[in-house]
Amino acid sequence: MKTDVITVSSQGAQMASALNLAEKVAAYKELSGKNALHLRLLTEETMGMMRSITGETEGRFWIEDHLNTYELHLKVRANVNPDMKKELLAASTSGKNEAKRGLMDRLRGFFYTGADAAVRALSSPLMLPEMYEYTAAADLNWEWSMSQYQAVLSTRLEKNDAQAKEAWDELEKSVVAKVADDVKVAISGDAVEMIIVKTMN
C-alpha cells in the first residue's frame with residue numbers, strides 16, 4: 001500500500017498533515033500502540049529535519065508498506081545557492097563542527113549538498129568513504145545506508161578508531177537510529193530521497 005503524497009515545506013506547511021497520515025496508517029493497519037508510536041516518532045523526526053533545511057524548499061512525503069515493513073519517504077530537490085554549498089563543503093573539508101553533528105544533522109547535509117554529497121563523503125573525516133556506493137555516470141547516482149554505516153563503524157571500533165567511536169556515540173543518541181531498522185539516502189542529480197525503514201513485529 002502507498003499513501004497519498006503530501007507536499008511539505010521547510011516553512012512548516014502540511015507537516016501536521018504528515019503526522020495525521022502516520023496516525024491514519026497506524027489505525028488502518030491496526031498497529032499496536034507501540035508500533036503506532038514508532039511510526040509517529042519517525043514521522044516527527046522526518047518533519048523536524050525537513051523544517052530545518054535551509055531556504056524555502058518543498059518536498060514530497062508518503063508512507064508505503066509491504067507486509068509488516070513500513071517505509072517513510074521524503075523526496076526533496078536540493079536547492080541551495082552556490083555560496084551556501086561552498087560554505088558547507090568547506091566545513092566538511094576542514095572537519096569543523098562535524099563531531100558535533102548527530103545522525104539527522106548528517107542526513108540533512110545530504111539534502112543541502114545534493115550531488116555534491118560525494119565530495120562531502122570523501123572529504124569529511126567522519127563520513128567514512130567506504131560507506132557509500134557510486135556509479136560512474138556523469139549524472140551522479142549515489143546511495144547511503146545507515147545499516148552499512150553501522151557495519152563499517154563496528155569494524156573500525158574493533159580497531160579502536162577514535163573517529164568511529166565518536167560517530168557510534170552519535171548514533172546511540174539518535175531517536176531514528178534506535179527506532180528504525182535502516183535509513184537509506186539516494187541522490188540522483190539534484191533529487192534527494194530519504195527512506196526510513198521499520199519492520200513492525
# chains A, B, ... in the order shown; residues from 1 in each chain; ligands from 1
call {"tool": "residues_around", "arguments": {"residues": "A:Lys184", "least_positions_apart": "4", "cutoff": "7 Å", "atoms": "only C-alpha atoms", "output": "PyMOL selection string"}}
result
chain A and resi 144-146+194-196
call {"tool": "write_last_selection", "arguments": {"atoms": "C-alpha atoms", "output": "tab-separated table (two decimals), in the first residue's frame"}}
result
chain	number	residue	atom	x	y	z
A	144	TRP	CA	23.98	5.69	1.57
A	145	SER	CA	22.59	3.26	4.12
A	146	MET	CA	22.56	3.56	7.90
A	194	MET	CA	15.44	9.56	2.16
A	195	ILE	CA	13.68	6.32	3.09
A	196	ILE	CA	13.27	5.32	6.73
call {"tool": "atom_distance", "arguments": {"atom1": "atom CA of A:Glu30", "atom2": "atom CA of A:Asn68"}}
result
11.4 Å
call {"tool": "atom_distance", "arguments": {"atom1": "atom CA of A:Ser32", "atom2": "atom CA of A:Ser17"}}
result
21.3 Å
call {"tool": "closest_residue", "arguments": {"among": "A:Gln11, A:Glu71, A:Arg77, A:Asn35", "to": "A:Met49", "atoms": "only C-alpha atoms"}}
result
A:Gln11
call {"tool": "closest_residue", "arguments": {"among": "A:Leu31, A:Met15, A:Ile63, A:Leu37", "to": "A:Met1", "atoms": "only C-alpha atoms"}}
result
A:Ile63
call {"tool": "residues_around", "arguments": {"residues": "A:Leu21", "least_positions_apart": "2", "cutoff": "9 Å", "atoms": "only C-alpha atoms", "output": "list of chain:residue names"}}
result
A:Thr3, A:Asp4, A:Ile6, A:Ala16, A:Ser17, A:Ala18, A:Leu19, A:Glu23, A:Lys24, A:Val25, A:Ala26, A:Trp62, A:Ile63
call {"tool": "write_last_selection", "arguments": {"atoms": "N, CA and C atoms", "output": "CSV table (one decimal), in the first residue's frame"}}
result
chain,number,residue,atom,x,y,z
A,3,THR,N,0.4,5.5,0.5
A,3,THR,CA,-0.5,6.5,0.8
A,3,THR,C,-0.5,7.6,-0.2
A,4,ASP,N,-1.4,8.6,0.0
A,4,ASP,CA,-1.3,9.8,-0.8
A,4,ASP,C,0.0,10.5,-0.6
A,6,ILE,N,2.0,13.8,0.2
A,6,ILE,CA,1.8,15.1,0.8
A,6,ILE,C,3.0,16.0,0.4
A,16,ALA,N,1.6,19.0,9.8
A,16,ALA,CA,0.5,18.4,10.7
A,16,ALA,C,-0.2,17.3,9.9
A,17,SER,N,-0.3,17.5,8.6
A,17,SER,CA,-1.0,16.5,7.7
A,17,SER,C,-0.1,15.3,7.6
A,18,ALA,N,1.2,15.4,7.6
A,18,ALA,CA,2.1,14.3,7.6
A,18,ALA,C,1.9,13.4,8.8
A,19,LEU,N,1.8,14.1,10.0
A,19,LEU,CA,1.6,13.3,11.3
A,19,LEU,C,0.2,12.7,11.3
A,23,GLU,N,-0.8,8.6,11.6
A,23,GLU,CA,-1.8,8.1,12.5
A,23,GLU,C,-2.9,7.3,11.7
A,24,LYS,N,-3.3,7.8,10.6
A,24,LYS,CA,-4.3,7.0,9.7
A,24,LYS,C,-3.7,5.7,9.3
A,25,VAL,N,-2.5,5.6,8.9
A,25,VAL,CA,-1.9,4.4,8.5
A,25,VAL,C,-1.9,3.4,9.7
A,26,ALA,N,-1.5,3.9,10.9
A,26,ALA,CA,-1.4,3.0,12.0
A,26,ALA,C,-2.8,2.5,12.4
A,62,TRP,N,5.5,10.5,1.8
A,62,TRP,CA,4.5,9.5,1.8
A,62,TRP,C,5.0,8.2,2.5
A,63,ILE,N,4.1,7.3,2.8
A,63,ILE,CA,4.4,6.1,3.5
A,63,ILE,C,4.0,4.9,2.6
call {"tool": "closest_residue", "arguments": {"among": "A:Leu103, A:Lys2, A:Gly59, A:Thr155", "to": "A:Glu45", "atoms": "only C-alpha atoms"}}
result
A:Leu103
call {"tool": "closest_residue", "arguments": {"among": "A:Tyr70, A:Phe110, A:Tyr149, A:Phe61", "to": "A:Ala180", "atoms": "only C-alpha atoms"}}
result
A:Tyr70
call {"tool": "residues_around", "arguments": {"residues": "A:Leu42", "least_positions_apart": "6", "cutoff": "10 Å", "atoms": "only C-alpha atoms", "output": "MDAnalysis selection string"}}
result
chainID A and resid 19 22 48 72 175:177 179:180 196:198
call {"tool": "write_last_selection", "arguments": {"atoms": "N, CA and C atoms", "output": "PDB file, in the first residue's frame"}}
result
ATOM      1  N   LEU A  19       1.791  14.073  10.008  1.00  0.00           N
ATOM      2  CA  LEU A  19       1.580  13.350  11.263  1.00  0.00           C
ATOM      3  C   LEU A  19       0.216  12.662  11.265  1.00  0.00           C
ATOM      4  N   ALA A  22       0.436   9.481   9.274  1.00  0.00           N
ATOM      5  CA  ALA A  22       1.029   8.375  10.034  1.00  0.00           C
ATOM      6  C   ALA A  22       0.001   7.748  10.964  1.00  0.00           C
ATOM      7  N   GLY A  48      10.873  17.145  11.346  1.00  0.00           N
ATOM      8  CA  GLY A  48      11.806  18.035  12.034  1.00  0.00           C
ATOM      9  C   GLY A  48      13.010  18.341  11.165  1.00  0.00           C
ATOM     10  N   LEU A  72       9.023   5.231   5.205  1.00  0.00           N
ATOM     11  CA  LEU A  72       8.663   6.639   5.188  1.00  0.00           C
ATOM     12  C   LEU A  72       9.562   7.330   4.169  1.00  0.00           C
ATOM     13  N   VAL A 175      17.221   9.168  17.967  1.00  0.00           N
ATOM     14  CA  VAL A 175      15.918   8.510  18.037  1.00  0.00           C
ATOM     15  C   VAL A 175      15.721   7.620  16.820  1.00  0.00           C
ATOM     16  N   VAL A 176      16.080   8.142  15.652  1.00  0.00           N
ATOM     17  CA  VAL A 176      15.890   7.384  14.410  1.00  0.00           C
ATOM     18  C   VAL A 176      16.719   6.110  14.411  1.00  0.00           C
ATOM     19  N   ALA A 177      17.973   6.212  14.836  1.00  0.00           N
ATOM     20  CA  ALA A 177      18.837   5.028  14.853  1.00  0.00           C
ATOM     21  C   ALA A 177      18.318   3.972  15.810  1.00  0.00           C
ATOM     22  N   VAL A 179      15.059   3.534  16.687  1.00  0.00           N
ATOM     23  CA  VAL A 179      13.728   3.033  16.315  1.00  0.00           C
ATOM     24  C   VAL A 179      13.720   2.375  14.939  1.00  0.00           C
ATOM     25  N   ALA A 180      14.397   2.991  13.972  1.00  0.00           N
ATOM     26  CA  ALA A 180      14.347   2.481  12.595  1.00  0.00           C
ATOM     27  C   ALA A 180      15.266   1.278  12.407  1.00  0.00           C
ATOM     28  N   ILE A 196      13.096   5.904   5.403  1.00  0.00           N
ATOM     29  CA  ILE A 196      13.270   5.322   6.729  1.00  0.00           C
ATOM     30  C   ILE A 196      12.486   4.015   6.758  1.00  0.00           C
ATOM     31  N   VAL A 197      13.166   2.934   7.120  1.00  0.00           N
ATOM     32  CA  VAL A 197      12.572   1.600   7.069  1.00  0.00           C
ATOM     33  C   VAL A 197      12.360   1.066   8.483  1.00  0.00           C
ATOM     34  N   LYS A 198      11.147   0.562   8.733  1.00  0.00           N
ATOM     35  CA  LYS A 198      10.831  -0.011  10.053  1.00  0.00           C
ATOM     36  C   LYS A 198       9.936  -1.220   9.870  1.00  0.00           C
TER      37      LYS A 198
END
call {"tool": "residues_around", "arguments": {"residues": "A:Val192", "least_positions_apart": "3", "cutoff": "8 Å", "atoms": "only C-alpha atoms", "output": "short mmCIF file (atom, residue, chain, number, x, y, z; two decimals) with N, CA and C atoms, in the first residue's frame"}}
result
data_model
loop_
_atom_site.label_atom_id
_atom_site.label_comp_id
_atom_site.auth_asym_id
_atom_site.auth_seq_id
_atom_site.Cartn_x
_atom_site.Cartn_y
_atom_site.Cartn_z
N LYS A 75 11.19 13.07 -0.35
CA LYS A 75 11.95 13.37 -1.56
C LYS A 75 11.99 14.88 -1.76
N VAL A 76 13.20 15.40 -1.89
CA VAL A 76 13.41 16.84 -1.99
C VAL A 76 14.38 17.12 -3.13
N ARG A 77 14.12 18.20 -3.85
CA ARG A 77 15.08 18.64 -4.86
C ARG A 77 16.03 19.62 -4.18
N ALA A 78 17.30 19.27 -4.14
CA ALA A 78 18.28 20.13 -3.47
C ALA A 78 18.29 21.50 -4.15
N PHE A 110 22.96 15.89 3.40
CA PHE A 110 22.79 15.34 2.06
C PHE A 110 21.81 16.18 1.25
N PHE A 111 20.76 16.66 1.93
CA PHE A 111 19.77 17.48 1.25
C PHE A 111 20.35 18.84 0.88
N GLY A 114 23.09 17.99 -2.20
CA GLY A 114 22.65 17.29 -3.40
C GLY A 114 23.77 16.46 -4.01
N VAL A 185 19.54 6.82 1.86
CA VAL A 185 19.50 8.08 1.14
C VAL A 185 19.99 7.81 -0.27
N ALA A 186 19.21 8.24 -1.25
CA ALA A 186 19.59 8.08 -2.65
C ALA A 186 19.60 9.45 -3.31
N ILE A 187 20.66 9.74 -4.04
CA ILE A 187 20.78 11.01 -4.75
C ILE A 187 20.96 10.72 -6.22
N SER A 188 20.15 11.35 -7.04
CA SER A 188 20.29 11.26 -8.48
C SER A 188 20.19 12.67 -9.03
#
call {"tool": "decode", "arguments": {"residues": "stretch 20-58 of chain A", "atoms": "N, CA and C atoms", "output": "mmCIF file, in the first residue's frame"}}
result
data_model
loop_
_atom_site.group_PDB
_atom_site.id
_atom_site.type_symbol
_atom_site.label_atom_id
_atom_site.label_comp_id
_atom_site.auth_asym_id
_atom_site.auth_seq_id
_atom_site.Cartn_x
_atom_site.Cartn_y
_atom_site.Cartn_z
ATOM 1 N N ASN A 20 -0.788 13.348 10.736
ATOM 2 C CA ASN A 20 -2.124 12.733 10.627
ATOM 3 C C ASN A 20 -2.083 11.521 9.714
ATOM 4 N N LEU A 21 -1.282 11.613 8.661
ATOM 5 C CA LEU A 21 -1.150 10.485 7.735
ATOM 6 C C LEU A 21 -0.585 9.263 8.454
ATOM 7 N N ALA A 22 0.436 9.481 9.274
ATOM 8 C CA ALA A 22 1.029 8.375 10.034
ATOM 9 C C ALA A 22 0.001 7.748 10.964
ATOM 10 N N GLU A 23 -0.803 8.577 11.594
ATOM 11 C CA GLU A 23 -1.830 8.060 12.508
ATOM 12 C C GLU A 23 -2.904 7.283 11.747
ATOM 13 N N LYS A 24 -3.258 7.755 10.560
ATOM 14 C CA LYS A 24 -4.258 7.049 9.745
ATOM 15 C C LYS A 24 -3.736 5.684 9.302
ATOM 16 N N VAL A 25 -2.464 5.643 8.910
ATOM 17 C CA VAL A 25 -1.860 4.366 8.502
ATOM 18 C C VAL A 25 -1.872 3.395 9.682
ATOM 19 N N ALA A 26 -1.486 3.890 10.855
ATOM 20 C CA ALA A 26 -1.447 3.034 12.045
ATOM 21 C C ALA A 26 -2.837 2.489 12.369
ATOM 22 N N ALA A 27 -3.852 3.335 12.234
ATOM 23 C CA ALA A 27 -5.220 2.903 12.530
ATOM 24 C C ALA A 27 -5.708 1.904 11.480
ATOM 25 N N TYR A 28 -5.458 2.208 10.207
ATOM 26 C CA TYR A 28 -5.915 1.345 9.122
ATOM 27 C C TYR A 28 -5.265 -0.030 9.194
ATOM 28 N N LYS A 29 -3.982 -0.044 9.556
ATOM 29 C CA LYS A 29 -3.237 -1.303 9.638
ATOM 30 C C LYS A 29 -3.367 -1.966 11.009
ATOM 31 N N GLU A 30 -4.113 -1.335 11.898
ATOM 32 C CA GLU A 30 -4.351 -1.858 13.252
ATOM 33 C C GLU A 30 -3.036 -2.173 13.966
ATOM 34 N N LEU A 31 -2.113 -1.203 13.894
ATOM 35 C CA LEU A 31 -0.830 -1.370 14.571
ATOM 36 C C LEU A 31 -1.020 -1.286 16.080
ATOM 37 N N SER A 32 -0.166 -1.980 16.790
ATOM 38 C CA SER A 32 -0.202 -1.907 18.251
ATOM 39 C C SER A 32 0.158 -0.490 18.680
ATOM 40 N N GLY A 33 -0.117 -0.175 19.943
ATOM 41 C CA GLY A 33 0.207 1.147 20.454
ATOM 42 C C GLY A 33 1.671 1.480 20.293
ATOM 43 N N LYS A 34 2.532 0.514 20.573
ATOM 44 C CA LYS A 34 3.972 0.733 20.459
ATOM 45 C C LYS A 34 4.379 0.994 19.015
ATOM 46 N N ASN A 35 3.871 0.190 18.090
ATOM 47 C CA ASN A 35 4.222 0.365 16.684
ATOM 48 C C ASN A 35 3.667 1.672 16.119
ATOM 49 N N ALA A 36 2.459 2.036 16.546
ATOM 50 C CA ALA A 36 1.874 3.306 16.116
ATOM 51 C C ALA A 36 2.724 4.474 16.606
ATOM 52 N N LEU A 37 3.216 4.362 17.831
ATOM 53 C CA LEU A 37 4.083 5.404 18.384
ATOM 54 C C LEU A 37 5.389 5.500 17.594
ATOM 55 N N HIS A 38 5.956 4.343 17.245
ATOM 56 C CA HIS A 38 7.191 4.348 16.470
ATOM 57 C C HIS A 38 6.988 5.014 15.110
ATOM 58 N N LEU A 39 5.865 4.726 14.464
ATOM 59 C CA LEU A 39 5.582 5.326 13.163
ATOM 60 C C LEU A 39 5.450 6.844 13.293
ATOM 61 N N ARG A 40 4.780 7.283 14.349
ATOM 62 C CA ARG A 40 4.634 8.729 14.570
ATOM 63 C C ARG A 40 5.975 9.381 14.898
ATOM 64 N N LEU A 41 6.778 8.732 15.750
ATOM 65 C CA LEU A 41 8.089 9.288 16.107
ATOM 66 C C LEU A 41 8.975 9.466 14.877
ATOM 67 N N LEU A 42 8.984 8.463 14.012
ATOM 68 C CA LEU A 42 9.810 8.538 12.808
ATOM 69 C C LEU A 42 9.306 9.638 11.867
ATOM 70 N N THR A 43 7.983 9.801 11.816
ATOM 71 C CA THR A 43 7.411 10.883 11.004
ATOM 72 C C THR A 43 7.792 12.237 11.589
ATOM 73 N N GLU A 44 7.730 12.363 12.910
ATOM 74 C CA GLU A 44 8.111 13.615 13.567
ATOM 75 C C GLU A 44 9.575 13.959 13.289
ATOM 76 N N GLU A 45 10.443 12.953 13.369
ATOM 77 C CA GLU A 45 11.857 13.186 13.108
ATOM 78 C C GLU A 45 12.078 13.617 11.658
ATOM 79 N N THR A 46 11.351 12.993 10.742
ATOM 80 C CA THR A 46 11.464 13.353 9.331
ATOM 81 C C THR A 46 11.009 14.789 9.102
ATOM 82 N N MET A 47 9.882 15.152 9.704
ATOM 83 C CA MET A 47 9.369 16.514 9.541
ATOM 84 C C MET A 47 10.275 17.533 10.234
ATOM 85 N N GLY A 48 10.873 17.145 11.346
ATOM 86 C CA GLY A 48 11.806 18.035 12.034
ATOM 87 C C GLY A 48 13.010 18.341 11.165
ATOM 88 N N MET A 49 13.488 17.324 10.466
ATOM 89 C CA MET A 49 14.607 17.527 9.567
ATOM 90 C C MET A 49 14.197 18.408 8.399
ATOM 91 N N MET A 50 13.007 18.165 7.861
ATOM 92 C CA MET A 50 12.520 18.972 6.734
ATOM 93 C C MET A 50 12.417 20.434 7.147
ATOM 94 N N ARG A 51 11.952 20.680 8.353
ATOM 95 C CA ARG A 51 11.774 22.047 8.834
ATOM 96 C C ARG A 51 13.102 22.784 8.946
ATOM 97 N N SER A 52 14.162 22.044 9.212
ATOM 98 C CA SER A 52 15.459 22.691 9.433
ATOM 99 C C SER A 52 16.302 22.804 8.169
ATOM 100 N N ILE A 53 15.779 22.349 7.024
ATOM 101 C CA ILE A 53 16.505 22.517 5.768
ATOM 102 C C ILE A 53 16.507 23.999 5.407
ATOM 103 N N THR A 54 17.664 24.494 5.046
ATOM 104 C CA THR A 54 17.809 25.914 4.755
ATOM 105 C C THR A 54 17.103 26.302 3.462
ATOM 106 N N GLY A 55 16.480 27.481 3.492
ATOM 107 C CA GLY A 55 15.837 28.001 2.289
ATOM 108 C C GLY A 55 14.401 27.545 2.171
ATOM 109 N N GLU A 56 13.695 28.103 1.233
ATOM 110 C CA GLU A 56 12.293 27.757 1.008
ATOM 111 C C GLU A 56 12.245 26.533 0.099
ATOM 112 N N THR A 57 12.246 25.384 0.722
ATOM 113 C CA THR A 57 12.318 24.127 -0.013
ATOM 114 C C THR A 57 11.043 23.329 0.193
ATOM 115 N N GLU A 58 10.572 22.695 -0.855
ATOM 116 C CA GLU A 58 9.426 21.795 -0.752
ATOM 117 C C GLU A 58 9.882 20.361 -0.973
#
